[in-house]
Structures are given as C-alpha cells and as structure tokens.
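Encoded as structure tokens, the structure appears first; notes follow it.
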Amino acid sequence: MITDFPAAPLPLPSEAELDEELAALGGDALIPKALRRTLFPVITKEDVFNLMLAQRQDPQKVVSDFADAYRDYVGANHALPTASGTSSLHMALVGAGVQPGDEVIVPAFTFIATAQAVVAAHAVPVFVDIDPVTYCMDPEAAASAITERTRALMPVHVHGLPADVPALRALADRHGIALVEDASHAHSARIGDRVAGSLGDAAGQSLMADKNFPLGGEGGIAFFSTPEAHDRAVTYLERHGIDYGMSWIAAAFGASQLRRLPYYDRIRARNAALLGEALDGTGLFSPPHVPDGHVHAYNMYRITLRPEAAGLDDLPVHAVKEAVHELLVAEGVPAREWQNTPIPCHLPFRSRDGFGNGYPFSLNPGAVRDHRPEDFPVTLGMLDSTLVLCRELRSPVEYERALRYADAFRKVARRPDAIRKRVEAGDYRRPYEKAARLG
Ligand SMILES: Cc1ncc(COP(=O)(O)O)c(C=O)c1O
C-alpha cells in the first residue's frame with residue numbers, strides 16, 4: 001500500500017541551524033528531501049461519502065446546488081458553473097456584453113488564459129503594465145489604453161491580492177464600459193467585506209488543481225451582477241451549442257470542500273503573516289504588500305528582493321535573485337519564478353493567428369501591437385527582482401514547515417558573501433531573455 005502520510009514530522013527549527021553552512025555549499029538542508037512534499041486538497045471521509053450520495057441525485061442538481069452555495073459564499077448575484085477557469089472567463093466577457101472586435105484591457109502580467117479568454121470571446125486583448133507595488137493592473141496605464149472600441153477592463157487579482165477595484169470601477173464608469181474580474185487566484189480575497197468575484201459586473205474564476213479552492217482537477221465558475229448578463233452567457237452557450245458544463249463529481253467534491261474553505265483561508269493567512277514577519281527582519285527580502293482594507297488570499301506568495309539592504313546593489317538584481325533562488329532551493333524551499341516574460345510576448349500574441357487567418361485580431365487591426373518586453377518596464381522590473389512560493393502555503397501546511405521556510409530565507413540573507421560569489425561566477429540572463437514559460 002502506498003501512503004502519502006509523512007514519515008516523520010518536520011523538526012522545529014533551532015537558531016543554531018541558521019549559522020550552519022548553506023546547503024548549496026555542502027551543509028544540511030533546512031528541509032530534508034524526504035519531508036518536502038505537501039498535499040492539497042485534503043480528502044476526507046466526508047468528501048468520499050458526499051460523492052457517493054451525489055451519485056444518487058440528478059447530476060444537474062448536484063452542480064446547481066454547488067454553484068448556489070458558492071455564489072452565496074462569494075456574495076455574487078448570479079453564477080454559471082463551468083468546466084474550467086478559461087471557459088468561465090469567456091462566459092464572464094460574453095455576459096458583460098463583449099462583442100467580436102471589441103477591445104478588452106488586460107494586464108501584461110497574469111496567466112496567459114486571461115488574454116486567451118478575450119480571444120475566445122472574439123475580442124482583442126490590449127495589454128497594459130502593472131502597478132509597481134501590488135503587481136496588479138495599473139489603473140493609470142489602463143486609462144491611457146482606452147479607445148472608442150474598448151468594451152471592458154479585465155483586472156486580475158494577481159496571486160490573491162484584489163486589484164485596485166475602486167479606481168478601475170471609477171474608470172469603467174467614466175467610459176461606460178464593463179469591469180470583468182479574473183478572480184482565479186483570489187478565492188475568499190476581499191476588499192472591505194466584499195469578496196473577489198462579486199466586485200465587478202462579471203467575473204471568472206478557476207477552480208483547478210493549483211488553486212486555493214480546487215475541485216479535484218478542473219473546474220471554474222462565472223459570476224454576474226445582473227440577470228441580463230447571466231442570461232446573455234447562458235443564451236450564448238445554447239445558441240452556439242457549446243458545452244462548458246461542470247462535472248457533477250467536481251461539484252460534489254466542491255460542496256464538502258467549501259465547508260472547510262474558511263479554515264484553510266485562516267491557516268494560509270496565519271502562515272503568510274508568520275513568513276512576512278520573518279522576511280521583514282531579513283532586510284534582503286520583503287513580503288507582499290497588502291493595501292489597507294484588502295484581504296490577500298495568498299494563492300502564491302511573491303517575495304521582493306532588496307539587494308541594497310545586503311550591500312549587493314552593485315550587482316544586477318536579476319542575478320542576485322537567481323543566485324538566491326538556487327540557495328533557497330538547495331535548502332528545500334520550493335521557490336519559483338512563475339512567469340518570466342510579459343504575456344504579450346508569448347507566441348500566440350506575437351503570431352496572432354487566432355482561430356485562423358488572424359481572426360479575431362483582423363477585426364480590429366488598430367488595436368494590435370507588436371510588443372517587445374521593454375514596453376512593460378514595471379512587469380520586467382518585478383520579474384527581475386521577485387521570487388514566488390507557489391501554492392506551498394496552502395492549507396494545511398504545518399506550522400513547522402512555515403517556520404522552516406522563514407528560517408531558510410533568514411539563513412540565506414545572512415550570507416551576502418555567498419550570494420556575491422555565485423553572481424560573480426555565474427552567467428545569469430534576465431528572466432525574459434529565456435524561453436517564455438507558461439507558469
Ligand atoms: C490568473 C489565471 N486566470 C485564468 C486561469 C485559467 O484557469 P483554468 O486553467 O482553470 O482554465 C488561470 C489558471 O491557472 C490563472 O492563473
């Protein structure tokens with residue numbers, strides 16, 4: 001029998017270990033190889049039992065009951081459960097009234113599906129840079145990209161931090177256009193007491209395996225503020241004979257997992273706070289910035305490097321980041337880049353074949369740009385100087401693991417000499433100079 005149950009708990013960290021040699025230089029790793037794996041979601045007897053009960057019900061009712069329960073949790077008015085996040089975003093755009101050839105403003109830093117959903121809606125994505133502090137869509141950049149053919153703003157709550165919705169809402173209202181959220185990283189994220197997914201005219205959200213609320217593989221949900229928007233999306237599917245439906249197995253699994261989501265959210269917030277406190281003390285690393293009144297969902301945890309705090313600012317920041325990345329990975333911290341180039345520089349937006357013969361880009365050639373990475377300097381600066389913990393803080397990450405991650409950052413920050421040596425010996429290219437990666 002194969003068991004994923006850990007063979008032993010992670011030991012509690014001790015201060016003395018921080019002064020030991022770096023793992024990359026021959027010391028012991030803070031997180032031993034055998035104890036690196038984390039498992040999520042947790043599957044309980046309740047989940048299995050719920051699946052068995054659901055098999056006796058009408059599959060459509062299982063799906064609609066789940067959608068109603070999650071819609072109420074989010075506080076949205078109308079919901080359409082879908083097979084994936086990408087299809088939910090497509091439906092959110094259709095519901096918001098986006099028509100073929102319309103322009104939809106999207107951030108240059110996101111997952112490619114945000115922009116591909118615009119193409120799926122036969123519209124043209126117009127890319128803008130991000131805010132240098134939140135890494136979400138910059139409202140001023142969005143304002144300067146608006147034209148007569150703009151139909152919607154589509155901010156992404158990147159990594160789980162809600163974008164600046166008040167500023168974007170005001171901008172959308174000034175121009176009479178829609179606000180469509182990509183809430184795929186932002187389950188339970190909030191501004192004030194309003195949950196991501198209920199902040200715009202429509203929203204799409206992924207419920208796939210990497211997310212904070214995964215339905216056991218693939219899934220998604222679209223939310224709408226008006227019945228008309230919801231009807232537009234439903235009618236579109238019927239008229240075109242498109243099946244984007246959610247599986248009843250995913251829905252039944254989601255129904256029991258939803259009851260535990262608030263618990264998971266709290267554990268994640270606690271781990272993020274604990275890590276943030278440790279990072280603040282290192283000088284070299286800064287935790288994600290969370291504006292007042294915003295609740296971050298921490299689907300990913302992006303850490304910014306401050307080489308100046310460690311006397312390393314004479315070195316290129318991207319090289320410092322790469323060296324630090326290698327040192328952290330050797331300690332057993334699953335740090336990553338997550339995206340290495342602005343989305344408009346990925347092949348589908350350079351070739352713009354679309355569905356063939358350049359459609360839908362051919363509908364609105366005036367909106368199309370041949371982008372170079374340098375067109376998005378804030379995105380490039382962020383990619384140069386940040387690292388991500390992807391998903392490892394998802395519940396139920398043990399307290400000891402969060403402490404050990406924190407200690408690994410502290411251990412590495414104590415060794416600017418080792419970082420410098422690595423940078424001077426290495427040949428590190430800027431992230432966007434490497435082949436574009438999807439994640
Ligand atoms: C920001 C963002 N939008 C959309 C998607 C697409 O979701 P899915 O993979 O469920 O289609 C993802 C998926 O990772 C994402 O990260």
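Chain labels run A, B, ... following the order of the structure tokens; each chain numbers its residues from 1, and ligands are numbered from 1 in the order shown.
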Could you produce a table of the residues of chain A lying within 7 Å of ligand 1, with the nearest pair of atoms per residue and their separation in Å rounded to one decimal, using only C-alpha atoms and all ligand atoms, ordered by chain and increasing residue number, as CSV?
```
residue,atom,partner,partner_atom_place_in_ligand_line,distance
A:Ser84,CA,ligand 1,10 (O),4.1
A:Gly85,CA,ligand 1,10 (O),3.5
A:Thr86,CA,ligand 1,11 (O),3.7
A:Ser87,CA,ligand 1,11 (O),6.5
A:Thr110,CA,ligand 1,1 (C),5.4
A:Phe111,CA,ligand 1,1 (C),4.7
A:Ala113,CA,ligand 1,4 (C),4.7
A:Thr114,CA,ligand 1,3 (N),4.9
A:Val156,CA,ligand 1,1 (C),6.2
A:Val158,CA,ligand 1,1 (C),6.6
A:Asp182,CA,ligand 1,3 (N),5.9
A:Ser184,CA,ligand 1,2 (C),4.9
A:His185,CA,ligand 1,1 (C),6.0
A:Gln205,CA,ligand 1,4 (C),6.9
A:Ser206,CA,ligand 1,10 (O),4.1
A:Leu207,CA,ligand 1,10 (O),5.9
A:Met208,CA,ligand 1,10 (O),4.8
A:Glu218,CA,ligand 1,10 (O),5.9
A:Gly219,CA,ligand 1,10 (O),5.8
A:Gly220,CA,ligand 1,10 (O),5.9
```
Any chance you could list, as an NGL selection string, the residues in stretch 226-288 of chain A that come up helix (DSSP H, G or I) when DSSP is run on the backbone?
:A and (227-240 or 248-280)
Let me make sure I understand: among A:Val133, A:Ile419, A:Val74, A:Ile242, which one has the smallest atom-to-atom distance to A:His90 if we use only C-alpha atoms?
A:Ile242
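Here atom CA of A:Glu337 is placed at a distance of 24.2 Å from atom CA of A:Ala141.
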Find the residue from A:Asp231, A:Glu15, A:Glu140, A:Glu21 that sits nearest to A:Ala79; use only C-alpha atoms when measuring.
A:Asp231
When you look at A:Ile221 with a cut-off of 6 Å (counting only C-alpha atoms), what residues show up, excluding the ones that are within fewer than 3 positions of it in the same chain? I need them as JSON, numbers by chain.
{"A": [80, 81, 82, 88, 204, 205]}
With only C-alpha atoms as the counted atoms, please give the residues lying no more than 10 Å from stretch 247-261 of chain A, apart from itself and same-chain residues fewer than 2 positions off, as a PyMOL selection string.
chain A and resi 41-44+46-55+57-67+69-70+73+81-83+187-188+207-208+212-220+244-245+263-267+395
Might you pull out every residue within 12 Å of A:Val104, with only C-alpha atoms counted and same-chain residues fewer than 2 positions away left off, and present them as an MDAnalysis selection string?
chainID A and resid 90 93:94 96:102 106:107 114:128 142 145:155 172 177:181 364 367:368
Same residues, N, CA and C atoms, saved as a short mmCIF file (atom, residue, chain, number, x, y, z; two decimals), in the first residue's frame:
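Okay, result08.cif is ready:
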```
data_model
loop_
_atom_site.label_atom_id
_atom_site.label_comp_id
_atom_site.auth_asym_id
_atom_site.auth_seq_id
_atom_site.Cartn_x
_atom_site.Cartn_y
_atom_site.Cartn_z
N HIS A 90 -14.37 33.36 -20.37
CA HIS A 90 -15.05 33.58 -21.66
C HIS A 90 -16.50 33.97 -21.41
N LEU A 93 -16.99 37.47 -19.98
CA LEU A 93 -16.85 38.52 -21.00
C LEU A 93 -18.11 38.60 -21.86
N VAL A 94 -18.62 37.44 -22.25
CA VAL A 94 -19.85 37.43 -23.07
C VAL A 94 -20.99 38.05 -22.27
N ALA A 96 -20.81 40.19 -19.96
CA ALA A 96 -20.59 41.64 -19.79
C ALA A 96 -20.84 42.40 -21.09
N GLY A 97 -21.17 41.67 -22.15
CA GLY A 97 -21.55 42.34 -23.40
C GLY A 97 -20.41 42.52 -24.39
N VAL A 98 -19.29 41.85 -24.18
CA VAL A 98 -18.16 41.98 -25.11
C VAL A 98 -18.53 41.33 -26.45
N GLN A 99 -18.29 42.06 -27.51
CA GLN A 99 -18.66 41.63 -28.86
C GLN A 99 -17.42 41.41 -29.72
N PRO A 100 -17.52 40.63 -30.80
CA PRO A 100 -16.37 40.43 -31.68
C PRO A 100 -15.75 41.76 -32.11
N GLY A 101 -14.42 41.81 -32.02
CA GLY A 101 -13.68 43.01 -32.44
C GLY A 101 -13.53 44.05 -31.35
N ASP A 102 -14.26 43.91 -30.24
CA ASP A 102 -14.11 44.86 -29.13
C ASP A 102 -12.71 44.75 -28.52
N VAL A 106 -6.25 44.16 -20.53
CA VAL A 106 -5.78 43.12 -19.59
C VAL A 106 -4.36 43.47 -19.14
N PRO A 107 -3.96 42.97 -17.96
CA PRO A 107 -2.58 43.25 -17.52
C PRO A 107 -1.58 42.38 -18.28
N THR A 114 -5.96 34.53 -19.17
CA THR A 114 -6.73 35.77 -19.06
C THR A 114 -6.92 36.36 -20.46
N ALA A 115 -5.81 36.47 -21.17
CA ALA A 115 -5.86 37.09 -22.50
C ALA A 115 -6.48 36.14 -23.53
N GLN A 116 -6.25 34.84 -23.35
CA GLN A 116 -6.82 33.89 -24.31
C GLN A 116 -8.34 33.82 -24.19
N ALA A 117 -8.86 34.10 -23.00
CA ALA A 117 -10.32 34.13 -22.84
C ALA A 117 -10.90 35.29 -23.66
N VAL A 118 -10.15 36.39 -23.74
CA VAL A 118 -10.60 37.53 -24.57
C VAL A 118 -10.67 37.09 -26.03
N VAL A 119 -9.63 36.36 -26.46
CA VAL A 119 -9.62 35.87 -27.85
C VAL A 119 -10.78 34.89 -28.06
N ALA A 120 -11.04 34.05 -27.05
CA ALA A 120 -12.17 33.10 -27.16
C ALA A 120 -13.48 33.85 -27.33
N ALA A 121 -13.56 35.04 -26.74
CA ALA A 121 -14.78 35.86 -26.90
C ALA A 121 -14.73 36.67 -28.20
N HIS A 122 -13.75 36.37 -29.06
CA HIS A 122 -13.59 37.01 -30.38
C HIS A 122 -13.27 38.49 -30.26
N ALA A 123 -12.68 38.85 -29.14
CA ALA A 123 -12.29 40.25 -28.92
C ALA A 123 -10.76 40.34 -28.91
N VAL A 124 -10.25 41.55 -28.78
CA VAL A 124 -8.80 41.76 -28.88
C VAL A 124 -8.26 42.21 -27.52
N PRO A 125 -7.31 41.45 -26.95
CA PRO A 125 -6.72 41.89 -25.68
C PRO A 125 -5.75 43.04 -25.91
N VAL A 126 -5.88 44.07 -25.09
CA VAL A 126 -4.96 45.21 -25.15
C VAL A 126 -4.20 45.19 -23.82
N PHE A 127 -2.88 45.06 -23.91
CA PHE A 127 -2.08 44.79 -22.71
C PHE A 127 -1.57 46.08 -22.09
N VAL A 128 -1.66 46.16 -20.76
CA VAL A 128 -1.10 47.32 -20.05
C VAL A 128 -0.22 46.84 -18.90
N ALA A 142 -4.21 51.62 -17.59
CA ALA A 142 -5.48 51.20 -18.21
C ALA A 142 -6.18 52.43 -18.80
N ALA A 145 -5.00 53.44 -22.14
CA ALA A 145 -5.19 52.49 -23.24
C ALA A 145 -6.63 52.47 -23.75
N ILE A 146 -7.50 53.25 -23.11
CA ILE A 146 -8.93 53.22 -23.52
C ILE A 146 -9.14 53.93 -24.86
N THR A 147 -9.87 53.28 -25.74
CA THR A 147 -10.24 53.90 -27.03
C THR A 147 -11.76 53.79 -27.18
N GLU A 148 -12.24 54.26 -28.33
CA GLU A 148 -13.69 54.17 -28.58
C GLU A 148 -14.17 52.73 -28.64
N ARG A 149 -13.25 51.80 -28.93
CA ARG A 149 -13.68 50.40 -29.09
C ARG A 149 -13.45 49.56 -27.83
N THR A 150 -13.00 50.20 -26.75
CA THR A 150 -12.82 49.43 -25.50
C THR A 150 -14.18 49.10 -24.92
N ARG A 151 -14.36 47.79 -24.61
CA ARG A 151 -15.66 47.39 -24.05
C ARG A 151 -15.53 46.97 -22.58
N ALA A 152 -14.32 46.61 -22.17
CA ALA A 152 -14.21 46.13 -20.78
C ALA A 152 -12.78 46.29 -20.27
N LEU A 153 -12.67 46.48 -18.95
CA LEU A 153 -11.40 46.35 -18.23
C LEU A 153 -11.44 44.98 -17.58
N MET A 154 -10.29 44.27 -17.64
CA MET A 154 -10.28 42.93 -17.05
C MET A 154 -9.07 42.79 -16.13
N PRO A 155 -9.18 43.33 -14.91
CA PRO A 155 -8.07 43.19 -13.96
C PRO A 155 -7.98 41.77 -13.44
N ALA A 172 -14.03 52.66 -15.35
CA ALA A 172 -15.00 51.98 -16.22
C ALA A 172 -16.29 52.80 -16.30
N ILE A 177 -17.96 51.49 -19.68
CA ILE A 177 -17.53 50.14 -20.08
C ILE A 177 -17.63 49.19 -18.87
N ALA A 178 -17.45 47.90 -19.14
CA ALA A 178 -17.67 46.91 -18.08
C ALA A 178 -16.38 46.62 -17.32
N LEU A 179 -16.55 46.14 -16.09
CA LEU A 179 -15.43 45.68 -15.27
C LEU A 179 -15.61 44.18 -15.06
N VAL A 180 -14.66 43.41 -15.59
CA VAL A 180 -14.73 41.94 -15.52
C VAL A 180 -13.51 41.45 -14.75
N GLU A 181 -13.74 40.79 -13.62
CA GLU A 181 -12.61 40.32 -12.80
C GLU A 181 -12.12 38.96 -13.27
N ASN A 364 -9.99 44.15 -35.80
CA ASN A 364 -9.65 45.45 -35.22
C ASN A 364 -8.13 45.66 -35.28
N ALA A 367 -6.06 47.91 -32.92
CA ALA A 367 -5.82 47.60 -31.51
C ALA A 367 -4.60 46.70 -31.33
N VAL A 368 -4.03 46.27 -32.45
CA VAL A 368 -2.97 45.26 -32.38
C VAL A 368 -1.59 45.91 -32.33
#
```
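Checking A:Asn77, A:Thr282, A:Thr341, A:Thr386 one by one against A:Leu305, counting only C-alpha atoms, you find the shortest gap at A:Thr386.
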